[in-house]
$ cat protein22.cif   # mmCIF, C-alpha atoms (C1' of nucleotides)
data_model
#
loop_
_atom_site.group_PDB
_atom_site.id
_atom_site.type_symbol
_atom_site.label_atom_id
_atom_site.label_comp_id
_atom_site.auth_asym_id
_atom_site.auth_seq_id
_atom_site.Cartn_x
_atom_site.Cartn_y
_atom_site.Cartn_z
ATOM 1 C CA MET Q 18 0.000 0.000 0.000
ATOM 2 C CA ALA Q 19 1.176 3.495 -0.762
ATOM 3 C CA VAL Q 20 2.870 5.262 2.082
ATOM 4 C CA ILE Q 21 1.153 8.378 3.219
ATOM 5 C CA GLY Q 22 3.222 11.515 3.052
ATOM 6 C CA GLU Q 23 5.641 12.082 5.906
ATOM 7 C CA GLU Q 24 4.726 14.851 8.287
ATOM 8 C CA THR Q 25 7.439 17.431 8.179
ATOM 9 C CA GLU Q 26 8.378 18.492 11.667
ATOM 10 C CA PRO Q 27 8.410 22.194 12.389
ATOM 11 C CA ALA Q 28 11.899 23.515 12.967
ATOM 12 C CA ALA Q 29 12.730 24.204 16.588
ATOM 13 C CA THR Q 30 11.964 27.830 17.353
ATOM 14 C CA GLY Q 31 14.159 28.366 20.313
ATOM 15 C CA LEU Q 32 11.339 30.328 21.940
ATOM 16 C CA PRO Q 33 10.231 29.617 25.507
ATOM 17 C CA GLN Q 34 7.565 26.921 25.686
ATOM 18 C CA SER Q 35 5.012 29.308 27.188
ATOM 19 C CA VAL Q 36 5.275 31.657 24.253
ATOM 20 C CA VAL Q 37 5.030 28.813 21.781
ATOM 21 C CA MET Q 38 2.035 27.313 23.506
ATOM 22 C CA ALA Q 39 0.297 30.622 23.906
ATOM 23 C CA SER Q 40 0.238 31.317 20.205
ATOM 24 C CA THR Q 41 -0.583 27.911 19.055
ATOM 25 C CA PRO Q 42 -2.140 26.543 16.101
ATOM 26 C CA ALA Q 43 -1.332 22.902 15.646
ATOM 27 C CA SER Q 44 1.877 23.737 13.870
ATOM 28 C CA LEU Q 45 3.746 24.602 17.050
ATOM 29 C CA GLN Q 46 3.286 21.690 19.398
ATOM 30 C CA SER Q 47 5.827 19.278 20.691
ATOM 31 C CA PRO Q 48 6.610 16.579 18.163
ATOM 32 C CA GLN Q 49 4.989 14.184 20.611
ATOM 33 C CA GLN Q 50 1.710 16.051 20.657
ATOM 34 C CA LEU Q 51 1.842 16.592 16.950
ATOM 35 C CA ALA Q 52 2.322 12.903 16.276
ATOM 36 C CA GLU Q 53 -0.560 12.052 18.576
ATOM 37 C CA GLU Q 54 -2.772 14.587 16.899
ATOM 38 C CA VAL Q 55 -1.919 13.186 13.491
ATOM 39 C CA SER Q 56 -2.584 9.626 14.521
ATOM 40 C CA ARG Q 57 -5.816 10.628 16.247
ATOM 41 C CA LYS Q 58 -7.013 12.326 13.097
ATOM 42 C CA ARG Q 59 -6.074 9.294 11.044
ATOM 43 C CA GLU Q 60 -7.968 6.931 13.334
ATOM 44 C CA LEU Q 61 -10.977 9.187 13.152
ATOM 45 C CA ARG Q 62 -10.815 9.287 9.381
ATOM 46 C CA LEU Q 63 -10.473 5.509 9.131
ATOM 47 C CA MET Q 64 -13.394 5.051 11.482
ATOM 48 C CA LYS Q 65 -15.621 7.357 9.467
ATOM 49 C CA ASN Q 66 -14.655 5.737 6.203
ATOM 50 C CA ARG Q 67 -15.219 2.260 7.637
ATOM 51 C CA LYS Q 68 -18.727 3.274 8.570
ATOM 52 C CA ALA Q 69 -19.314 4.920 5.197
ATOM 53 C CA ALA Q 70 -18.113 1.825 3.345
ATOM 54 C CA LYS Q 71 -20.483 -0.411 5.298
ATOM 55 C CA GLU Q 72 -23.403 1.869 4.532
ATOM 56 C CA CYS Q 73 -22.394 2.126 0.914
ATOM 57 C CA ARG Q 74 -22.350 -1.672 0.547
ATOM 58 C CA ARG Q 75 -25.662 -1.991 2.319
ATOM 59 C CA ARG Q 76 -27.259 0.412 -0.145
ATOM 60 C CA LYS Q 77 -25.691 -1.429 -3.055
ATOM 61 C CA ARG Q 78 -27.026 -4.781 -1.862
ATOM 62 C CA GLU Q 79 -30.449 -3.234 -1.470
ATOM 63 C CA TYR Q 80 -30.241 -1.805 -4.966
ATOM 64 C CA VAL Q 81 -29.332 -5.181 -6.425
ATOM 65 C CA ARG Q 82 -32.155 -6.849 -4.495
ATOM 66 C CA CYS Q 83 -34.615 -4.381 -5.996
ATOM 67 C CA LEU Q 84 -33.322 -5.067 -9.487
ATOM 68 C CA GLU Q 85 -33.646 -8.803 -8.936
ATOM 69 C CA THR Q 86 -37.189 -8.457 -7.659
ATOM 70 C CA ARG Q 87 -38.083 -6.327 -10.643
ATOM 71 C CA LEU Q 88 -36.507 -8.848 -12.969
ATOM 72 C CA THR Q 89 -38.580 -11.643 -11.498
ATOM 73 C CA MET Q 90 -41.768 -9.631 -11.862
ATOM 74 C CA LEU Q 91 -40.996 -8.746 -15.455
ATOM 75 C CA GLU Q 92 -40.252 -12.371 -16.280
ATOM 76 C CA VAL Q 93 -43.606 -13.410 -14.903
ATOM 77 C CA GLN Q 94 -45.354 -10.633 -16.766
ATOM 78 C CA ASN Q 95 -43.546 -11.523 -19.964
ATOM 79 C CA LYS Q 96 -44.610 -15.131 -19.682
ATOM 80 C CA LYS Q 97 -48.239 -14.108 -19.196
ATOM 81 C CA LEU Q 98 -48.111 -11.871 -22.246
ATOM 82 C CA ILE Q 99 -46.632 -14.615 -24.352
ATOM 83 C CA ASP Q 100 -49.360 -16.993 -23.221
ATOM 84 C CA GLU Q 101 -52.008 -14.417 -24.006
ATOM 85 C CA LEU Q 102 -50.514 -13.778 -27.418
ATOM 86 C CA ASN Q 103 -50.555 -17.466 -28.223
ATOM 87 C CA TYR Q 104 -54.130 -17.739 -27.053
ATOM 88 C CA LEU Q 105 -55.199 -14.843 -29.288
ATOM 89 C CA LYS Q 106 -53.319 -16.320 -32.244
ATOM 90 C CA GLU Q 107 -55.202 -19.538 -31.641
ATOM 91 C CA ILE Q 108 -58.547 -17.764 -31.759
ATOM 92 C CA TYR Q 109 -57.621 -15.741 -34.800
ATOM 93 C CA SER Q 110 -56.430 -18.737 -36.793
ATOM 94 C CA GLY Q 111 -59.761 -20.424 -36.063
ATOM 95 C CA ILE Q 112 -61.692 -17.444 -37.373
ATOM 96 C CA SER Q 113 -59.646 -16.832 -40.496
ATOM 97 C CA SER Q 114 -59.652 -20.347 -41.845
ATOM 98 C "C1'" DA A 5 -10.069 -36.127 6.545
ATOM 99 C "C1'" DT A 6 -7.746 -32.831 3.743
ATOM 100 C "C1'" DT A 7 -7.283 -29.661 0.233
ATOM 101 C "C1'" DT A 8 -9.283 -26.657 -3.241
ATOM 102 C "C1'" DT A 9 -12.632 -23.575 -4.883
ATOM 103 C "C1'" DA A 10 -16.255 -20.038 -4.878
ATOM 104 C "C1'" DG A 11 -18.805 -16.719 -2.536
ATOM 105 C "C1'" DT A 12 -19.142 -13.045 0.912
ATOM 106 C "C1'" DA A 13 -18.075 -9.272 4.069
ATOM 107 C "C1'" DC A 14 -14.686 -6.371 5.576
ATOM 108 C "C1'" DG A 15 -10.899 -2.619 5.960
ATOM 109 C "C1'" DT A 16 -8.090 0.411 3.583
ATOM 110 C "C1'" DC A 17 -6.361 3.524 -0.022
ATOM 111 C "C1'" DA A 18 -7.301 6.247 -4.174
ATOM 112 C "C1'" DT A 19 -10.410 8.713 -6.693
ATOM 113 C "C1'" DT A 20 -14.727 11.056 -7.580
ATOM 114 C "C1'" DT A 21 -18.637 13.825 -6.223
ATOM 115 C "C1'" DA A 22 -21.228 17.326 -3.806
ATOM 116 C "C1'" DG A 23 -21.664 21.290 -0.906
ATOM 117 C "C1'" DC A 24 -19.548 25.340 0.632
ATOM 118 C "C1'" DG P 6 -10.395 25.660 -4.690
ATOM 119 C "C1'" DC P 7 -11.134 23.068 -0.303
ATOM 120 C "C1'" DT P 8 -13.254 19.520 2.551
ATOM 121 C "C1'" DA P 9 -16.061 15.631 3.854
ATOM 122 C "C1'" DA P 10 -18.763 11.962 2.145
ATOM 123 C "C1'" DA P 11 -19.483 8.422 -1.331
ATOM 124 C "C1'" DT P 12 -17.764 5.008 -4.200
ATOM 125 C "C1'" DG P 13 -14.408 1.991 -6.897
ATOM 126 C "C1'" DA P 14 -10.608 -1.172 -6.577
ATOM 127 C "C1'" DC P 15 -7.778 -4.275 -4.222
ATOM 128 C "C1'" DG P 16 -6.185 -7.500 -0.785
ATOM 129 C "C1'" DT P 17 -7.466 -10.365 3.269
ATOM 130 C "C1'" DA P 18 -10.112 -13.550 6.310
ATOM 131 C "C1'" DC P 19 -13.716 -16.626 6.862
ATOM 132 C "C1'" DT P 20 -16.894 -20.311 5.517
ATOM 133 C "C1'" DA P 21 -19.575 -23.718 3.126
ATOM 134 C "C1'" DA P 22 -19.551 -26.913 -0.641
ATOM 135 C "C1'" DA P 23 -17.060 -29.771 -3.893
ATOM 136 C "C1'" DA P 24 -13.128 -32.509 -5.249
ATOM 137 C "C1'" DT P 25 -9.285 -35.455 -3.985
#
$ encode --input "protein22.cif" --output "structure tokens"
Amino acid sequence: MAVIGEETEPAATGLPQSVVMASTPASLQSPQQLAEEVSRKRELRLMKNRKAAKECRRRKREYVRCLETRLTMLEVQNKKLIDELNYLKEIYSGISS
DNA sequence: ATTTTAGTACGTCATTTAGC
DNA sequence: GCTAAATGACGTACTAAAAT
């Protein structure tokens, strides 16, 4: 499987931790915290996609079931129509001869 | 009894689609 | 254009049925 892009670590700022933390979007956290954040986000994403995939397959199965049901109904209907056609042909051939 | 085969559901990654 | 959700594609694990 393809490797996901490496997270590039922010260069050390040399600033006191308090200053760094005070002004902090995710970019300036300890590498530890950053790594945890990344892996947390990944787990969350995988979880969501897992759920989505299940739902997607469920809908697909349902869709196929509907098609199969419809197919069965149409086959029955087709058979009836063929029978009716043959019956009418029968009658007509009797009349026209 | 065991191996092989075919069918099924699942998780993940890559790509597409839809809504903002 | 960006993001989250939906879907396609692929590999894996499990199981029941068939072949040996």
$ interface_residues --input "protein22.cif" --of "chain Q" --to "chain P" --cutoff "12 Å" --atoms "all atoms listed in the file" --output "number ranges by chain"
Q: 18, 62, 65-74, 76-77
$ resolve_selection --input "protein22.cif" --expression "the PyMOL selection byres ((chain A) within 9 of (chain Q))" --output "list in words"
DC14, DG15, DT16 and DC17 of chain A
$ write_last_selection --input "protein22.cif" --atoms "C-alpha atoms (C1' of nucleotides)" --output "compact mmCIF listing (two decimals), keeping the file's coordinate frame"
# COMPACT_ATOMS: atom_id res chain seq x y z
C1' DC A 14 -14.69 -6.37 5.58
C1' DG A 15 -10.90 -2.62 5.96
C1' DT A 16 -8.09 0.41 3.58
C1' DC A 17 -6.36 3.52 -0.02
$ atom_distance --input "protein22.cif" --atom1 "atom CA of Q:Ser113" --atom2 "atom CA of Q:Ile99"
20.9 Å
$ atom_distance --input "protein22.cif" --atom1 "atom CA of Q:Glu54" --atom2 "atom C1' of A:DG23"
26.8 Å
$ atom_distance --input "protein22.cif" --atom1 "atom CA of Q:Lys96" --atom2 "atom CA of Q:Ile108"
18.6 Å
$ axis_aligned_box --input "protein22.cif" --around "stretch 13-22 of chain P" --padding-each-side "5 Å" --output "lines of an AutoDock Vina configuration file"
center_x = -12.9
center_y = -12.5
center_z = 0.0
size_x = 23.4
size_y = 38.9
size_z = 23.8
$ build_atoms --input "protein22.cif" --residues "stretch 49-60 of chain Q" --atoms "all heavy atoms" --output "mmCIF file, keeping the file's coordinate frame"
data_model
loop_
_atom_site.group_PDB
_atom_site.id
_atom_site.type_symbol
_atom_site.label_atom_id
_atom_site.label_comp_id
_atom_site.auth_asym_id
_atom_site.auth_seq_id
_atom_site.Cartn_x
_atom_site.Cartn_y
_atom_site.Cartn_z
ATOM 1 N N GLN Q 49 5.821 15.190 19.941
ATOM 2 C CA GLN Q 49 4.989 14.184 20.611
ATOM 3 C C GLN Q 49 3.525 14.457 20.356
ATOM 4 O O GLN Q 49 2.796 13.641 19.817
ATOM 5 C CB GLN Q 49 5.225 14.251 22.125
ATOM 6 C CG GLN Q 49 6.279 13.332 22.638
ATOM 7 C CD GLN Q 49 5.723 11.933 22.832
ATOM 8 O OE1 GLN Q 49 4.665 11.592 22.300
ATOM 9 N NE2 GLN Q 49 6.454 11.114 23.586
ATOM 10 N N GLN Q 50 3.115 15.661 20.774
ATOM 11 C CA GLN Q 50 1.710 16.051 20.657
ATOM 12 C C GLN Q 50 1.272 16.051 19.210
ATOM 13 O O GLN Q 50 0.169 15.632 18.877
ATOM 14 C CB GLN Q 50 1.508 17.455 21.242
ATOM 15 C CG GLN Q 50 1.609 17.506 22.743
ATOM 16 C CD GLN Q 50 1.598 18.941 23.230
ATOM 17 O OE1 GLN Q 50 2.392 19.766 22.783
ATOM 18 N NE2 GLN Q 50 0.699 19.251 24.149
ATOM 19 N N LEU Q 51 2.154 16.517 18.366
ATOM 20 C CA LEU Q 51 1.842 16.592 16.950
ATOM 21 C C LEU Q 51 1.569 15.201 16.401
ATOM 22 O O LEU Q 51 0.586 14.967 15.704
ATOM 23 C CB LEU Q 51 3.000 17.239 16.198
ATOM 24 C CG LEU Q 51 2.665 17.642 14.779
ATOM 25 C CD1 LEU Q 51 1.588 18.725 14.804
ATOM 26 C CD2 LEU Q 51 3.903 18.129 14.047
ATOM 27 N N ALA Q 52 2.467 14.280 16.758
ATOM 28 C CA ALA Q 52 2.322 12.903 16.276
ATOM 29 C C ALA Q 52 1.010 12.295 16.770
ATOM 30 O O ALA Q 52 0.308 11.614 16.024
ATOM 31 C CB ALA Q 52 3.501 12.056 16.737
ATOM 32 N N GLU Q 53 0.689 12.574 18.023
ATOM 33 C CA GLU Q 53 -0.560 12.052 18.576
ATOM 34 C C GLU Q 53 -1.758 12.612 17.847
ATOM 35 O O GLU Q 53 -2.699 11.895 17.521
ATOM 36 C CB GLU Q 53 -0.659 12.404 20.066
ATOM 37 C CG GLU Q 53 -0.339 11.238 20.971
ATOM 38 C CD GLU Q 53 -0.401 11.637 22.444
ATOM 39 O OE1 GLU Q 53 -1.417 12.250 22.832
ATOM 40 O OE2 GLU Q 53 0.575 11.366 23.167
ATOM 41 N N GLU Q 54 -1.685 13.912 17.618
ATOM 42 C CA GLU Q 54 -2.772 14.587 16.899
ATOM 43 C C GLU Q 54 -2.957 13.961 15.521
ATOM 44 O O GLU Q 54 -4.073 13.657 15.104
ATOM 45 C CB GLU Q 54 -2.416 16.071 16.755
ATOM 46 C CG GLU Q 54 -3.408 16.894 15.970
ATOM 47 C CD GLU Q 54 -4.657 17.229 16.763
ATOM 48 O OE1 GLU Q 54 -4.741 16.801 17.933
ATOM 49 O OE2 GLU Q 54 -5.542 17.904 16.219
ATOM 50 N N VAL Q 55 -1.859 13.756 14.838
ATOM 51 C CA VAL Q 55 -1.919 13.186 13.491
ATOM 52 C C VAL Q 55 -2.539 11.797 13.537
ATOM 53 O O VAL Q 55 -3.437 11.477 12.741
ATOM 54 C CB VAL Q 55 -0.509 13.100 12.848
ATOM 55 C CG1 VAL Q 55 -0.531 12.224 11.623
ATOM 56 C CG2 VAL Q 55 -0.022 14.489 12.506
ATOM 57 N N SER Q 56 -2.079 10.995 14.480
ATOM 58 C CA SER Q 56 -2.584 9.626 14.521
ATOM 59 C C SER Q 56 -4.045 9.590 14.979
ATOM 60 O O SER Q 56 -4.827 8.754 14.534
ATOM 61 C CB SER Q 56 -1.686 8.753 15.393
ATOM 62 O OG SER Q 56 -2.357 8.350 16.550
ATOM 63 N N ARG Q 57 -4.417 10.538 15.823
ATOM 64 C CA ARG Q 57 -5.816 10.628 16.247
ATOM 65 C C ARG Q 57 -6.718 10.946 15.057
ATOM 66 O O ARG Q 57 -7.748 10.336 14.841
ATOM 67 C CB ARG Q 57 -5.961 11.714 17.303
ATOM 68 C CG ARG Q 57 -6.742 11.284 18.545
ATOM 69 C CD ARG Q 57 -7.176 12.455 19.404
ATOM 70 N NE ARG Q 57 -8.228 13.228 18.763
ATOM 71 C CZ ARG Q 57 -8.076 14.486 18.351
ATOM 72 N NH1 ARG Q 57 -6.920 15.106 18.492
ATOM 73 N NH2 ARG Q 57 -9.077 15.134 17.774
ATOM 74 N N LYS Q 58 -6.243 11.934 14.266
ATOM 75 C CA LYS Q 58 -7.013 12.326 13.097
ATOM 76 C C LYS Q 58 -7.127 11.176 12.106
ATOM 77 O O LYS Q 58 -8.167 10.959 11.485
ATOM 78 C CB LYS Q 58 -6.381 13.540 12.412
ATOM 79 C CG LYS Q 58 -6.676 14.836 13.128
ATOM 80 C CD LYS Q 58 -6.181 16.041 12.344
ATOM 81 C CE LYS Q 58 -6.569 17.341 13.028
ATOM 82 N NZ LYS Q 58 -6.046 18.527 12.337
ATOM 83 N N ARG Q 59 -6.063 10.435 11.968
ATOM 84 C CA ARG Q 59 -6.074 9.294 11.044
ATOM 85 C C ARG Q 59 -7.079 8.235 11.497
ATOM 86 O O ARG Q 59 -7.885 7.749 10.709
ATOM 87 C CB ARG Q 59 -4.681 8.685 10.949
ATOM 88 C CG ARG Q 59 -4.637 7.399 10.170
ATOM 89 C CD ARG Q 59 -3.245 6.781 10.153
ATOM 90 N NE ARG Q 59 -3.318 5.351 9.948
ATOM 91 C CZ ARG Q 59 -3.469 4.810 8.755
ATOM 92 N NH1 ARG Q 59 -3.548 5.561 7.685
ATOM 93 N NH2 ARG Q 59 -3.550 3.503 8.630
ATOM 94 N N GLU Q 60 -7.026 7.916 12.797
ATOM 95 C CA GLU Q 60 -7.968 6.931 13.334
ATOM 96 C C GLU Q 60 -9.405 7.370 13.111
ATOM 97 O O GLU Q 60 -10.265 6.570 12.753
ATOM 98 C CB GLU Q 60 -7.713 6.708 14.831
ATOM 99 C CG GLU Q 60 -6.495 5.878 15.122
ATOM 100 C CD GLU Q 60 -6.494 4.567 14.335
ATOM 101 O OE1 GLU Q 60 -7.538 3.877 14.303
ATOM 102 O OE2 GLU Q 60 -5.460 4.247 13.717
#
